[in-house]
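Student: This is the content of entry-v8.cif (mmCIF, C-alpha atoms):
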data_model
loop_
_atom_site.group_PDB
_atom_site.id
_atom_site.type_symbol
_atom_site.label_atom_id
_atom_site.label_comp_id
_atom_site.auth_asym_id
_atom_site.auth_seq_id
_atom_site.Cartn_x
_atom_site.Cartn_y
_atom_site.Cartn_z
ATOM 1 C CA MET A 25 23.410 -10.815 49.977
ATOM 2 C CA ASN A 26 23.967 -13.572 47.405
ATOM 3 C CA LYS A 27 27.596 -14.731 47.127
ATOM 4 C CA ASN A 28 27.307 -15.465 43.380
ATOM 5 C CA PHE A 29 26.313 -11.849 42.823
ATOM 6 C CA LEU A 30 29.135 -10.484 44.975
ATOM 7 C CA ASP A 31 31.757 -12.644 43.282
ATOM 8 C CA PHE A 32 30.476 -11.666 39.838
ATOM 9 C CA MET A 33 30.519 -7.925 40.573
ATOM 10 C CA ARG A 34 34.082 -7.784 41.891
ATOM 11 C CA LYS A 35 35.474 -7.571 38.382
ATOM 12 C CA PHE A 36 33.585 -4.286 37.849
ATOM 13 C CA ASP A 37 34.834 -2.429 40.937
ATOM 14 C CA GLY A 38 35.311 1.272 40.249
ATOM 15 C CA GLN A 39 33.607 1.271 36.848
ATOM 16 C CA LYS A 40 30.711 3.547 35.940
ATOM 17 C CA MET A 41 27.699 1.444 34.931
ATOM 18 C CA ALA A 42 24.085 1.825 33.876
ATOM 19 C CA VAL A 43 21.383 -0.491 35.217
ATOM 20 C CA GLY A 44 18.045 -1.165 33.553
ATOM 21 C CA VAL A 45 15.228 -0.990 36.116
ATOM 22 C CA SER A 46 11.685 -1.860 35.062
ATOM 23 C CA GLY A 47 10.084 -1.664 38.489
ATOM 24 C CA GLY A 48 9.673 -5.449 38.773
ATOM 25 C CA VAL A 49 11.058 -7.422 41.695
ATOM 26 C CA ASP A 50 14.222 -8.568 39.908
ATOM 27 C CA SER A 51 15.450 -5.145 38.827
ATOM 28 C CA VAL A 52 14.345 -3.415 42.044
ATOM 29 C CA ALA A 53 16.321 -5.928 44.106
ATOM 30 C CA LEU A 54 19.310 -5.551 41.778
ATOM 31 C CA LEU A 55 19.253 -1.783 42.196
ATOM 32 C CA HIS A 56 19.226 -2.104 45.988
ATOM 33 C CA TRP A 57 22.088 -4.613 45.935
ATOM 34 C CA LEU A 58 24.153 -2.325 43.719
ATOM 35 C CA VAL A 59 23.605 0.547 46.132
ATOM 36 C CA GLU A 60 24.569 -1.689 49.066
ATOM 37 C CA ILE A 61 27.926 -2.603 47.521
ATOM 38 C CA GLY A 62 28.633 1.012 46.614
ATOM 39 C CA ALA A 63 28.559 0.550 42.845
ATOM 40 C CA ASP A 64 28.789 3.640 40.646
ATOM 41 C CA VAL A 65 25.510 3.296 38.729
ATOM 42 C CA VAL A 66 22.930 5.337 36.882
ATOM 43 C CA CYS A 67 19.394 3.969 36.521
ATOM 44 C CA LEU A 68 17.679 3.714 33.123
ATOM 45 C CA HIS A 69 13.945 3.050 32.821
ATOM 46 C CA VAL A 70 12.052 2.661 29.533
ATOM 47 C CA ASN A 71 8.327 3.387 29.597
ATOM 48 C CA HIS A 72 6.926 1.302 26.752
ATOM 49 C CA ASN A 73 3.436 2.785 27.180
ATOM 50 C CA LEU A 74 1.905 -0.674 26.874
ATOM 51 C CA ARG A 75 0.014 -0.956 30.178
ATOM 52 C CA PRO A 76 -2.276 1.365 32.133
ATOM 53 C CA SER A 77 0.194 1.278 35.035
ATOM 54 C CA ALA A 78 3.205 2.236 32.883
ATOM 55 C CA ASN A 79 3.332 5.874 33.985
ATOM 56 C CA THR A 80 2.864 4.892 37.634
ATOM 57 C CA GLU A 81 5.752 2.443 37.383
ATOM 58 C CA ALA A 82 7.993 5.032 35.729
ATOM 59 C CA GLN A 83 7.257 7.505 38.514
ATOM 60 C CA TYR A 84 7.930 4.859 41.161
ATOM 61 C CA VAL A 85 11.368 4.085 39.675
ATOM 62 C CA GLN A 86 12.189 7.795 39.735
ATOM 63 C CA ASP A 87 11.044 8.129 43.348
ATOM 64 C CA LEU A 88 12.978 5.016 44.366
ATOM 65 C CA CYS A 89 16.163 6.313 42.769
ATOM 66 C CA LYS A 90 15.762 9.653 44.509
ATOM 67 C CA LYS A 91 15.399 7.846 47.838
ATOM 68 C CA LEU A 92 18.508 5.734 47.147
ATOM 69 C CA GLY A 93 20.542 8.646 45.810
ATOM 70 C CA VAL A 94 20.862 7.191 42.302
ATOM 71 C CA GLU A 95 20.748 9.255 39.111
ATOM 72 C CA CYS A 96 17.723 8.216 37.029
ATOM 73 C CA HIS A 97 16.727 8.698 33.398
ATOM 74 C CA VAL A 98 13.339 7.720 31.963
ATOM 75 C CA PHE A 99 12.736 7.153 28.245
ATOM 76 C CA SER A 100 9.338 6.899 26.564
ATOM 77 C CA TRP A 101 8.682 4.569 23.635
ATOM 78 C CA ASP A 102 6.125 6.597 21.721
ATOM 79 C CA ASP A 103 6.487 4.911 18.340
ATOM 80 C CA GLU A 104 3.539 3.181 16.724
ATOM 81 C CA LYS A 105 3.309 -0.336 18.148
ATOM 82 C CA PRO A 106 3.450 -3.301 15.726
ATOM 83 C CA GLU A 107 0.511 -5.700 15.529
ATOM 84 C CA THR A 108 2.819 -8.720 15.646
ATOM 85 C CA GLY A 109 6.180 -9.254 17.324
ATOM 86 C CA LEU A 110 5.419 -6.678 19.990
ATOM 87 C CA GLU A 111 7.737 -8.240 22.604
ATOM 88 C CA ASP A 112 10.697 -8.274 20.254
ATOM 89 C CA ALA A 113 10.016 -4.717 19.101
ATOM 90 C CA ALA A 114 9.799 -3.527 22.713
ATOM 91 C CA ARG A 115 13.081 -5.252 23.538
ATOM 92 C CA VAL A 116 14.830 -3.651 20.567
ATOM 93 C CA ALA A 117 13.502 -0.222 21.547
ATOM 94 C CA ARG A 118 14.559 -0.695 25.176
ATOM 95 C CA TYR A 119 18.131 -1.590 24.333
ATOM 96 C CA LYS A 120 18.321 1.187 21.726
ATOM 97 C CA PHE A 121 17.400 3.787 24.346
ATOM 98 C CA MET A 122 19.908 2.388 26.824
ATOM 99 C CA THR A 123 22.851 1.905 24.453
ATOM 100 C CA ASP A 124 22.343 5.369 22.921
ATOM 101 C CA PHE A 125 22.420 6.887 26.421
ATOM 102 C CA CYS A 126 25.595 4.989 27.272
ATOM 103 C CA HIS A 127 27.351 6.108 24.104
ATOM 104 C CA LYS A 128 26.470 9.738 24.779
ATOM 105 C CA ASN A 129 27.632 9.503 28.389
ATOM 106 C CA LYS A 130 30.723 7.344 27.838
ATOM 107 C CA ILE A 131 29.370 4.420 29.865
ATOM 108 C CA LYS A 132 30.570 1.031 28.667
ATOM 109 C CA ILE A 133 28.405 -1.336 30.751
ATOM 110 C CA ILE A 134 24.659 -1.946 31.105
ATOM 111 C CA LEU A 135 23.513 -4.254 33.909
ATOM 112 C CA THR A 136 20.255 -6.151 33.466
ATOM 113 C CA ALA A 137 18.257 -8.164 36.014
ATOM 114 C CA HIS A 138 17.881 -11.478 34.167
ATOM 115 C CA GLN A 139 18.138 -14.151 36.849
ATOM 116 C CA ALA A 140 18.401 -17.932 37.253
ATOM 117 C CA ASP A 141 14.712 -18.616 36.580
ATOM 118 C CA ASP A 142 14.934 -16.639 33.325
ATOM 119 C CA GLN A 143 18.001 -18.690 32.414
ATOM 120 C CA ILE A 144 16.262 -22.016 33.041
ATOM 121 C CA GLU A 145 13.171 -20.926 31.111
ATOM 122 C CA THR A 146 15.380 -19.910 28.178
ATOM 123 C CA PHE A 147 17.026 -23.347 28.275
ATOM 124 C CA TRP A 148 13.646 -25.146 28.097
ATOM 125 C CA MET A 149 12.401 -22.830 25.337
ATOM 126 C CA ASN A 150 15.509 -23.488 23.259
ATOM 127 C CA LEU A 151 15.316 -27.216 23.965
ATOM 128 C CA GLY A 152 11.776 -27.135 22.560
ATOM 129 C CA ARG A 153 13.140 -25.511 19.401
ATOM 130 C CA GLY A 154 15.735 -28.264 19.017
ATOM 131 C CA SER A 155 18.650 -25.902 19.666
ATOM 132 C CA GLY A 156 22.251 -27.078 19.849
ATOM 133 C CA VAL A 157 24.975 -26.167 22.336
ATOM 134 C CA TYR A 158 24.715 -22.449 21.698
ATOM 135 C CA GLY A 159 20.996 -22.250 22.415
ATOM 136 C CA LEU A 160 21.031 -24.666 25.359
ATOM 137 C CA ALA A 161 23.776 -22.625 27.034
ATOM 138 C CA ALA A 162 21.083 -19.912 27.246
ATOM 139 C CA MET A 163 22.020 -16.324 28.165
ATOM 140 C CA ARG A 164 25.570 -15.149 28.621
ATOM 141 C CA GLY A 165 26.764 -13.474 31.782
ATOM 142 C CA MET A 166 28.408 -10.901 29.527
ATOM 143 C CA ALA A 167 27.616 -10.045 25.924
ATOM 144 C CA GLU A 168 27.990 -7.021 23.672
ATOM 145 C CA MET A 169 25.454 -4.900 21.862
ATOM 146 C CA ASP A 170 26.300 -1.916 19.697
ATOM 147 C CA GLY A 171 29.697 -1.601 21.362
ATOM 148 C CA ILE A 172 28.265 -1.688 24.909
ATOM 149 C CA LYS A 173 28.742 -4.608 27.314
ATOM 150 C CA ILE A 174 25.474 -6.172 28.464
ATOM 151 C CA VAL A 175 26.144 -7.706 31.881
ATOM 152 C CA ARG A 176 23.772 -10.048 33.749
ATOM 153 C CA PRO A 177 25.022 -10.422 37.347
ATOM 154 C CA LEU A 178 21.962 -12.327 38.629
ATOM 155 C CA LEU A 179 22.089 -15.449 36.440
ATOM 156 C CA GLY A 180 23.179 -17.442 39.480
ATOM 157 C CA VAL A 181 20.422 -16.025 41.711
ATOM 158 C CA PHE A 182 16.874 -17.417 41.841
ATOM 159 C CA ARG A 183 13.825 -15.164 41.793
ATOM 160 C CA ARG A 184 12.643 -16.458 45.156
ATOM 161 C CA GLU A 185 15.711 -14.939 46.841
ATOM 162 C CA LEU A 186 15.154 -11.577 45.168
ATOM 163 C CA GLN A 187 11.480 -11.599 46.131
ATOM 164 C CA GLU A 188 12.277 -12.570 49.721
ATOM 165 C CA TYR A 189 14.802 -9.733 49.912
ATOM 166 C CA CYS A 190 12.203 -7.174 48.857
ATOM 167 C CA ASP A 191 9.304 -8.634 50.859
ATOM 168 C CA THR A 192 11.190 -8.844 54.164
ATOM 169 C CA ARG A 193 12.241 -5.190 53.781
ATOM 170 C CA ASN A 194 8.828 -3.972 52.604
ATOM 171 C CA ILE A 195 10.338 -2.811 49.322
ATOM 172 C CA LYS A 196 7.619 -2.111 46.771
ATOM 173 C CA TYR A 197 7.761 -3.569 43.270
ATOM 174 C CA PHE A 198 5.344 -4.102 40.378
ATOM 175 C CA ALA A 199 4.155 -7.353 38.809
ATOM 176 C CA ASP A 200 3.756 -7.534 35.031
ATOM 177 C CA GLU A 201 0.449 -9.218 34.214
ATOM 178 C CA MET A 202 2.043 -10.631 31.035
ATOM 179 C CA ASN A 203 4.139 -12.853 33.328
ATOM 180 C CA ASP A 204 0.972 -14.856 34.091
ATOM 181 C CA ASP A 205 -0.460 -15.004 30.573
ATOM 182 C CA PRO A 206 -0.339 -18.677 29.454
ATOM 183 C CA HIS A 207 -0.532 -17.633 25.801
ATOM 184 C CA TYR A 208 3.221 -17.044 25.996
ATOM 185 C CA THR A 209 5.531 -20.059 25.750
ATOM 186 C CA ARG A 210 7.811 -18.758 28.493
ATOM 187 C CA VAL A 211 4.861 -18.459 30.874
ATOM 188 C CA LYS A 212 3.728 -22.015 30.098
ATOM 189 C CA ILE A 213 7.218 -23.240 30.947
ATOM 190 C CA ARG A 214 7.320 -21.141 34.113
ATOM 191 C CA GLN A 215 4.038 -22.596 35.314
ATOM 192 C CA ASN A 216 4.889 -26.216 34.497
ATOM 193 C CA ARG A 217 8.638 -26.721 34.745
ATOM 194 C CA HIS A 218 8.223 -28.034 38.303
ATOM 195 C CA LEU A 219 6.809 -31.214 36.727
ATOM 196 C CA VAL A 220 10.309 -32.226 35.649
ATOM 197 C CA GLY A 221 11.474 -32.084 39.231
ATOM 198 C CA ASP A 222 8.347 -33.723 40.633
ATOM 199 C CA ALA A 223 8.328 -36.630 38.174
ATOM 200 C CA LEU A 224 12.032 -37.131 37.460
ATOM 201 C CA GLY A 225 13.799 -35.521 40.393
ATOM 202 C CA ILE A 226 15.696 -33.074 38.157
ATOM 203 C CA SER A 227 15.891 -29.900 40.232
ATOM 204 C CA ASP A 228 16.247 -26.348 38.936
ATOM 205 C CA GLU A 229 19.712 -26.279 40.494
ATOM 206 C CA ARG A 230 20.808 -29.265 38.397
ATOM 207 C CA VAL A 231 19.398 -27.715 35.232
ATOM 208 C CA LEU A 232 21.251 -24.493 36.026
ATOM 209 C CA LEU A 233 24.481 -26.465 36.526
ATOM 210 C CA ALA A 234 24.006 -28.111 33.127
ATOM 211 C CA ILE A 235 23.498 -24.676 31.544
ATOM 212 C CA GLN A 236 26.718 -23.411 33.124
ATOM 213 C CA ASN A 237 28.635 -26.443 31.830
ATOM 214 C CA LEU A 238 27.209 -25.926 28.345
ATOM 215 C CA GLY A 239 28.244 -22.286 28.584
ATOM 216 C CA ARG A 240 31.875 -23.286 29.024
ATOM 217 C CA VAL A 241 31.660 -25.540 25.969
ATOM 218 C CA ARG A 242 30.110 -22.693 23.991
ATOM 219 C CA GLU A 243 32.911 -20.302 24.938
ATOM 220 C CA SER A 244 35.556 -22.773 23.803
ATOM 221 C CA LEU A 245 33.813 -23.426 20.486
ATOM 222 C CA GLU A 246 33.276 -19.738 19.910
ATOM 223 C CA GLN A 247 36.960 -18.898 20.218
ATOM 224 C CA ASP A 248 37.736 -21.408 17.469
ATOM 225 C CA VAL A 249 34.935 -20.058 15.269
ATOM 226 C CA ILE A 250 36.019 -16.430 15.663
ATOM 227 C CA LYS A 251 39.553 -17.316 14.560
ATOM 228 C CA LEU A 252 38.214 -19.075 11.476
ATOM 229 C CA ALA A 253 35.854 -16.228 10.555
ATOM 230 C CA ARG A 254 38.630 -13.636 10.822
ATOM 231 C CA ARG A 255 40.584 -15.550 8.210
ATOM 232 C CA VAL A 256 37.906 -15.234 5.521
ATOM 233 C CA VAL A 257 36.067 -11.939 6.106
ATOM 234 C CA PHE A 258 37.712 -9.022 4.357
ATOM 235 C CA ASN A 259 36.409 -5.627 3.315
ATOM 236 C CA GLY A 260 32.767 -6.508 4.080
ATOM 237 C CA ARG A 261 32.705 -9.824 2.218
ATOM 238 C CA ALA A 262 33.886 -13.394 2.690
ATOM 239 C CA MET A 263 35.355 -15.915 0.305
ATOM 240 C CA PHE A 264 36.678 -19.399 1.020
ATOM 241 C CA GLY A 265 37.016 -22.847 -0.482
ATOM 242 C CA GLU A 266 34.288 -25.419 0.058
ATOM 243 C CA SER A 267 36.695 -27.698 1.946
ATOM 244 C CA PHE A 268 37.411 -24.877 4.424
ATOM 245 C CA LEU A 269 33.743 -25.097 5.430
ATOM 246 C CA PHE A 270 32.904 -28.769 5.047
ATOM 247 C CA ASP A 271 36.098 -30.165 6.604
ATOM 248 C CA GLN A 272 35.046 -28.637 9.954
ATOM 249 C CA SER A 273 33.086 -30.620 12.540
ATOM 250 C CA PRO A 274 29.286 -30.147 12.294
ATOM 251 C CA ASP A 275 29.024 -27.754 15.282
ATOM 252 C CA ILE A 276 31.942 -25.619 14.102
ATOM 253 C CA ARG A 277 30.625 -25.662 10.534
ATOM 254 C CA LEU A 278 27.211 -24.321 11.521
ATOM 255 C CA LYS A 279 28.522 -21.662 13.859
ATOM 256 C CA PHE A 280 31.236 -20.581 11.424
ATOM 257 C CA LEU A 281 28.678 -20.040 8.674
ATOM 258 C CA GLY A 282 26.364 -18.192 11.061
ATOM 259 C CA THR A 283 29.187 -15.976 12.321
ATOM 260 C CA VAL A 284 30.338 -15.043 8.838
ATOM 261 C CA ILE A 285 26.772 -14.277 7.706
ATOM 262 C CA GLN A 286 26.158 -12.146 10.805
ATOM 263 C CA THR A 287 29.455 -10.278 10.330
ATOM 264 C CA VAL A 288 28.885 -9.569 6.653
ATOM 265 C CA GLY A 289 25.136 -8.908 6.914
ATOM 266 C CA GLY A 290 25.401 -6.753 10.034
ATOM 267 C CA ASP A 291 22.447 -8.332 11.850
ATOM 268 C CA ARG A 292 22.225 -8.324 15.633
ATOM 269 C CA TYR A 293 21.602 -12.074 15.705
ATOM 270 C CA GLN A 294 22.719 -15.000 13.617
ATOM 271 C CA PRO A 295 20.211 -16.900 11.453
ATOM 272 C CA ARG A 296 18.301 -19.628 13.266
ATOM 273 C CA LEU A 297 19.704 -23.133 13.328
ATOM 274 C CA LYS A 298 17.092 -24.444 10.894
ATOM 275 C CA SER A 299 18.017 -21.754 8.356
ATOM 276 C CA LEU A 300 21.744 -22.495 8.701
ATOM 277 C CA ILE A 301 21.176 -26.219 8.218
ATOM 278 C CA GLY A 302 19.203 -25.424 5.063
ATOM 279 C CA ALA A 303 22.001 -23.150 3.852
ATOM 280 C CA LEU A 304 24.586 -25.901 4.339
ATOM 281 C CA ASP A 305 22.423 -28.302 2.346
ATOM 282 C CA LYS A 306 22.262 -25.839 -0.548
ATOM 283 C CA LEU A 307 26.018 -25.266 -0.408
ATOM 284 C CA GLN A 308 26.677 -28.915 -1.215
ATOM 285 C CA SER A 309 26.554 -27.872 -4.883
ATOM 286 C CA ASP A 310 26.515 -24.723 -7.032
ATOM 287 C CA CYS A 311 23.832 -22.345 -5.774
ATOM 288 C CA LYS A 312 22.855 -18.779 -5.014
ATOM 289 C CA PHE A 313 20.469 -17.695 -2.231
ATOM 290 C CA THR A 314 19.872 -15.054 0.424
ATOM 291 C CA ILE A 315 20.007 -15.416 4.204
ATOM 292 C CA GLY A 316 20.540 -12.941 7.048
ATOM 293 C CA HIS A 317 20.669 -9.907 4.706
ATOM 294 C CA CYS A 318 23.433 -11.657 2.761
ATOM 295 C CA THR A 319 23.696 -13.247 -0.651
ATOM 296 C CA VAL A 320 25.520 -16.568 -0.564
ATOM 297 C CA ARG A 321 26.883 -18.115 -3.747
ATOM 298 C CA ARG A 322 28.812 -21.278 -4.541
ATOM 299 C CA LEU A 323 30.527 -21.763 -7.875
ATOM 300 C CA GLY A 324 32.751 -24.797 -8.246
ATOM 301 C CA ASP A 325 34.832 -25.088 -5.092
ATOM 302 C CA LYS A 326 34.477 -21.407 -4.165
ATOM 303 C CA ILE A 327 31.936 -19.921 -1.734
ATOM 304 C CA LEU A 328 31.241 -16.189 -1.617
ATOM 305 C CA ILE A 329 29.171 -14.262 0.934
ATOM 306 C CA VAL A 330 28.341 -10.575 0.396
ATOM 307 C CA ARG A 331 25.813 -8.166 1.811
ATOM 308 C CA GLU A 332 22.475 -8.470 0.017
ATOM 309 C CA GLY A 333 22.359 -6.202 -3.035
ATOM 310 C CA GLN A 334 26.093 -6.343 -3.735
ATOM 311 C CA LYS A 335 27.604 -8.080 -6.751
ATOM 312 C CA THR A 336 28.447 -11.760 -6.337
ATOM 313 C CA SER A 337 31.473 -11.806 -8.606
ATOM 314 C CA PHE A 338 34.422 -14.062 -7.791
ATOM 315 C CA ARG A 339 36.746 -11.893 -9.851
ATOM 316 C CA ILE A 340 38.761 -10.183 -7.129
ATOM 317 C CA ARG A 341 42.260 -8.914 -7.581
ATOM 318 C CA LYS A 342 44.659 -10.847 -5.390
ATOM 319 C CA ARG A 343 46.341 -7.670 -4.118
ATOM 320 C CA HIS A 344 42.950 -6.552 -2.752
ATOM 321 C CA TYR A 345 42.062 -9.850 -1.126
ATOM 322 C CA GLY A 346 45.577 -10.998 -0.243
ATOM 323 C CA LYS A 347 45.604 -14.446 1.361
ATOM 324 C CA LYS A 348 41.993 -14.171 2.448
ATOM 325 C CA TYR A 349 40.745 -16.661 -0.139
ATOM 326 C CA ILE A 350 41.211 -19.815 1.911
ATOM 327 C CA LYS A 351 41.200 -22.974 -0.190
ATOM 328 C CA LYS A 352 41.472 -25.264 2.780
#
Can you turn what I pasted into structure tokens?
Tutor:
Amino acid sequence: MNKNFLDFMRKFDGQKMAVGVSGGVDSVALLHWLVEIGADVVCLHVNHNLRPSANTEAQYVQDLCKKLGVECHVFSWDDEKPETGLEDAARVARYKFMTDFCHKNKIKIILTAHQADDQIETFWMNLGRGSGVYGLAAMRGMAEMDGIKIVRPLLGVFRRELQEYCDTRNIKYFADEMNDDPHYTRVKIRQNRHLVGDALGISDERVLLAIQNLGRVRESLEQDVIKLARRVVFNGRAMFGESFLFDQSPDIRLKFLGTVIQTVGGDRYQPRLKSLIGALDKLQSDCKFTIGHCTVRRLGDKILIVREGQKTSFRIRKRHYGKKYIKK
């Protein structure tokens, strides 16, 4: 069994966890590894009803769990499917089913089977978008969604090892035909990323090492940003002086603004980098605009961020806002 996986999982010894299992090779191998180390897990499978084989896959996951002695719960996404953004909608539905289950059953951790190849593909996708440190650091080993920890113990394990594990043991798994559809950017990267290694000698292992190093930089920056954001967000709104924003370094400035907007607006994700850069440009002078379900306003040297639809008045009693209006 992979040492990276074993080392990662030691911190969760004795904790009840849920694991998302689609029926693909990554999640099937993860489930078997969890059983092998004696982890206390319950399996969650979401049938998105998007492929003819969806019901067959759901039944296979149930049968596999029964064979392994693992509790299994299957959820069916029966909502009307959107014409655009189907992948994102399916992802949102999947995590909603899983986090709701965890809340009801007092489980604090969901394990997912994202692995090293997924991580590298995310890096190249974000590089193509012109992402900064946060995007190039790709997926986190641990994140949080709706109060539940999302844990990815396979980010240091390549797909080939997971596939070899299943193939040598005759463990059945399903292949998603969308994984071979070149209309998707991720698939194009998957099919062509070997060219970087062939032409330049940059191996997947070196790319993964770079991602891990960027991840450490991201964590350090994020701690600084969180401290700054806590100083200005109060009672569902934020107010600060323009120098408090513009005296920060460019990376901190962007992430600080994104963090405050996400906190006030309540979105799952921060606005994209391009949108944040545009917001900073507008904030160079008096302005008022919306971004991330927030209204942002600058008047003189003051900047105010409130949830969209709320009043953008700077007239706040000091006893209500205390020292939260940071001039510098």
Student: Can you list, as a list in words, the residues that the PyMOL selection byres ((chain A and resi 49) around 8) selects here?
Tutor: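 This file, filtered by the PyMOL selection byres ((chain A and resi 49) around 8), leaves Gly47, Gly48, Asp50, Ser51, Val52, Ala53, Leu186, Gln187, Cys190, Tyr197, Phe198 and Ala199 of chain A.
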Student: Apply the PyMOL selection byres ((chain A and resi 294) around 12) to the displayed file and report the matching residues as a list in words.
Tutor: Tyr158, Gly159, Leu278, Lys279, Phe280, Leu281, Gly282, Thr283, Val284, Ile285, Gln286, Thr287, Val288, Gly289, Gly290, Asp291, Arg292, Tyr293, Pro295, Arg296, Leu297, Lys298, Ser299, Leu300, Ile315, Gly316, His317 and Cys318 of chain A
Student: Next, write the just-selected residues to a file, as a compact mmCIF listing (two decimals), in the coordinates of the input, keeping C-alpha atoms as the atom set.
Tutor:
# COMPACT_ATOMS: atom_id res chain seq x y z
CA TYR A 158 24.72 -22.45 21.70
CA GLY A 159 21.00 -22.25 22.42
CA LEU A 278 27.21 -24.32 11.52
CA LYS A 279 28.52 -21.66 13.86
CA PHE A 280 31.24 -20.58 11.42
CA LEU A 281 28.68 -20.04 8.67
CA GLY A 282 26.36 -18.19 11.06
CA THR A 283 29.19 -15.98 12.32
CA VAL A 284 30.34 -15.04 8.84
CA ILE A 285 26.77 -14.28 7.71
CA GLN A 286 26.16 -12.15 10.80
CA THR A 287 29.46 -10.28 10.33
CA VAL A 288 28.88 -9.57 6.65
CA GLY A 289 25.14 -8.91 6.91
CA GLY A 290 25.40 -6.75 10.03
CA ASP A 291 22.45 -8.33 11.85
CA ARG A 292 22.22 -8.32 15.63
CA TYR A 293 21.60 -12.07 15.70
CA PRO A 295 20.21 -16.90 11.45
CA ARG A 296 18.30 -19.63 13.27
CA LEU A 297 19.70 -23.13 13.33
CA LYS A 298 17.09 -24.44 10.89
CA SER A 299 18.02 -21.75 8.36
CA LEU A 300 21.74 -22.50 8.70
CA ILE A 315 20.01 -15.42 4.20
CA GLY A 316 20.54 -12.94 7.05
CA HIS A 317 20.67 -9.91 4.71
CA CYS A 318 23.43 -11.66 2.76
Student: Pick from A:Gly333, A:Gly165, A:Leu269, A:Ala140: nearest to Gln308 (chain A), with only C-alpha atoms counted?
Tutor: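 Closest to Gln308 (chain A), using only C-alpha atoms: A:Leu269.
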Student: How close does region 57-95 of chain A get to region 111-119 of chain A? List, as a tab-separated table, each residue of region 57-95 of chain A within 9 Å, its nearest atom pair and the distance in Å to one decimal, counting all atoms listed in the file.
Tutor:
residue	atom	partner	partner_atom	distance
A:His69	CA	A:Arg118	CA	8.5
A:Val70	CA	A:Arg118	CA	6.0
A:Asn71	CA	A:Arg118	CA	8.7
A:His72	CA	A:Ala114	CA	6.9
Student: Put a box with edges along x, y and z around all the listed atoms of region 160-167 of chain A, pad it by 3 Å on each side, then give me its centre and sizes in Å, one decimal, as AutoDock Vina command-line options.
Tutor:
--center_x 24.7 --center_y -17.4 --center_z 28.6 --size_x 13.4 --size_y 20.6 --size_z 12.4
Student: Have a look at CA of Leu88 (chain A) and CA of Leu68 (chain A) and let me know their distance in Å, one decimal.
Tutor: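 We find that CA of Leu88 (chain A) and CA of Leu68 (chain A) lie 12.3 Å from each other.
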Student: Taking into account all atoms listed in the file, which residue in the set A:Arg217, A:Pro177, A:Ala137, A:Ile276 is nearest to Leu30 (chain A)?
Tutor: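 Nearest candidate to Leu30 (chain A) out of A:Arg217, A:Pro177, A:Ala137, A:Ile276: A:Pro177.
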Student: Quick one: of A:Asp248, A:Glu243, A:Glu229, A:Asp170, who's nearest to Ile133 (chain A), counting only C-alpha atoms?
Tutor: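 Checking each candidate against Ile133 (chain A), we get A:Asp170 as the closest.
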Student: Select from region 129-152 of chain A every residue with an atom at most 7 Å from any atom of region 40-44 of chain A, then for each give the shortest pair of atoms and their distance in Å to one decimal, using all atoms listed in the file, rows by chain and rising number, as a tab-separated table.
Tutor:
residue	atom	partner	partner_atom	distance
A:Ile131	CA	A:Met41	CA	6.1
A:Lys132	CA	A:Met41	CA	6.9
A:Ile133	CA	A:Met41	CA	5.1
A:Ile134	CA	A:Ala42	CA	4.7
A:Leu135	CA	A:Val43	CA	4.5
A:Thr136	CA	A:Gly44	CA	5.5
Student: If I take CA of Asn216 (chain A) and CA of Thr146 (chain A), how far is one from the other in Å, to one decimal?
Tutor: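 So the answer is 13.8 Å.
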Student: Output the residue selection produced by the PyMOL selection byres ((chain A and resi 254-266) around 12) on the file above, formatted as a PyMOL selection string.
Tutor: chain A and resi 247-253+267-272+277+280-281+283-290+304+307-310+318-332+334-340+344-352
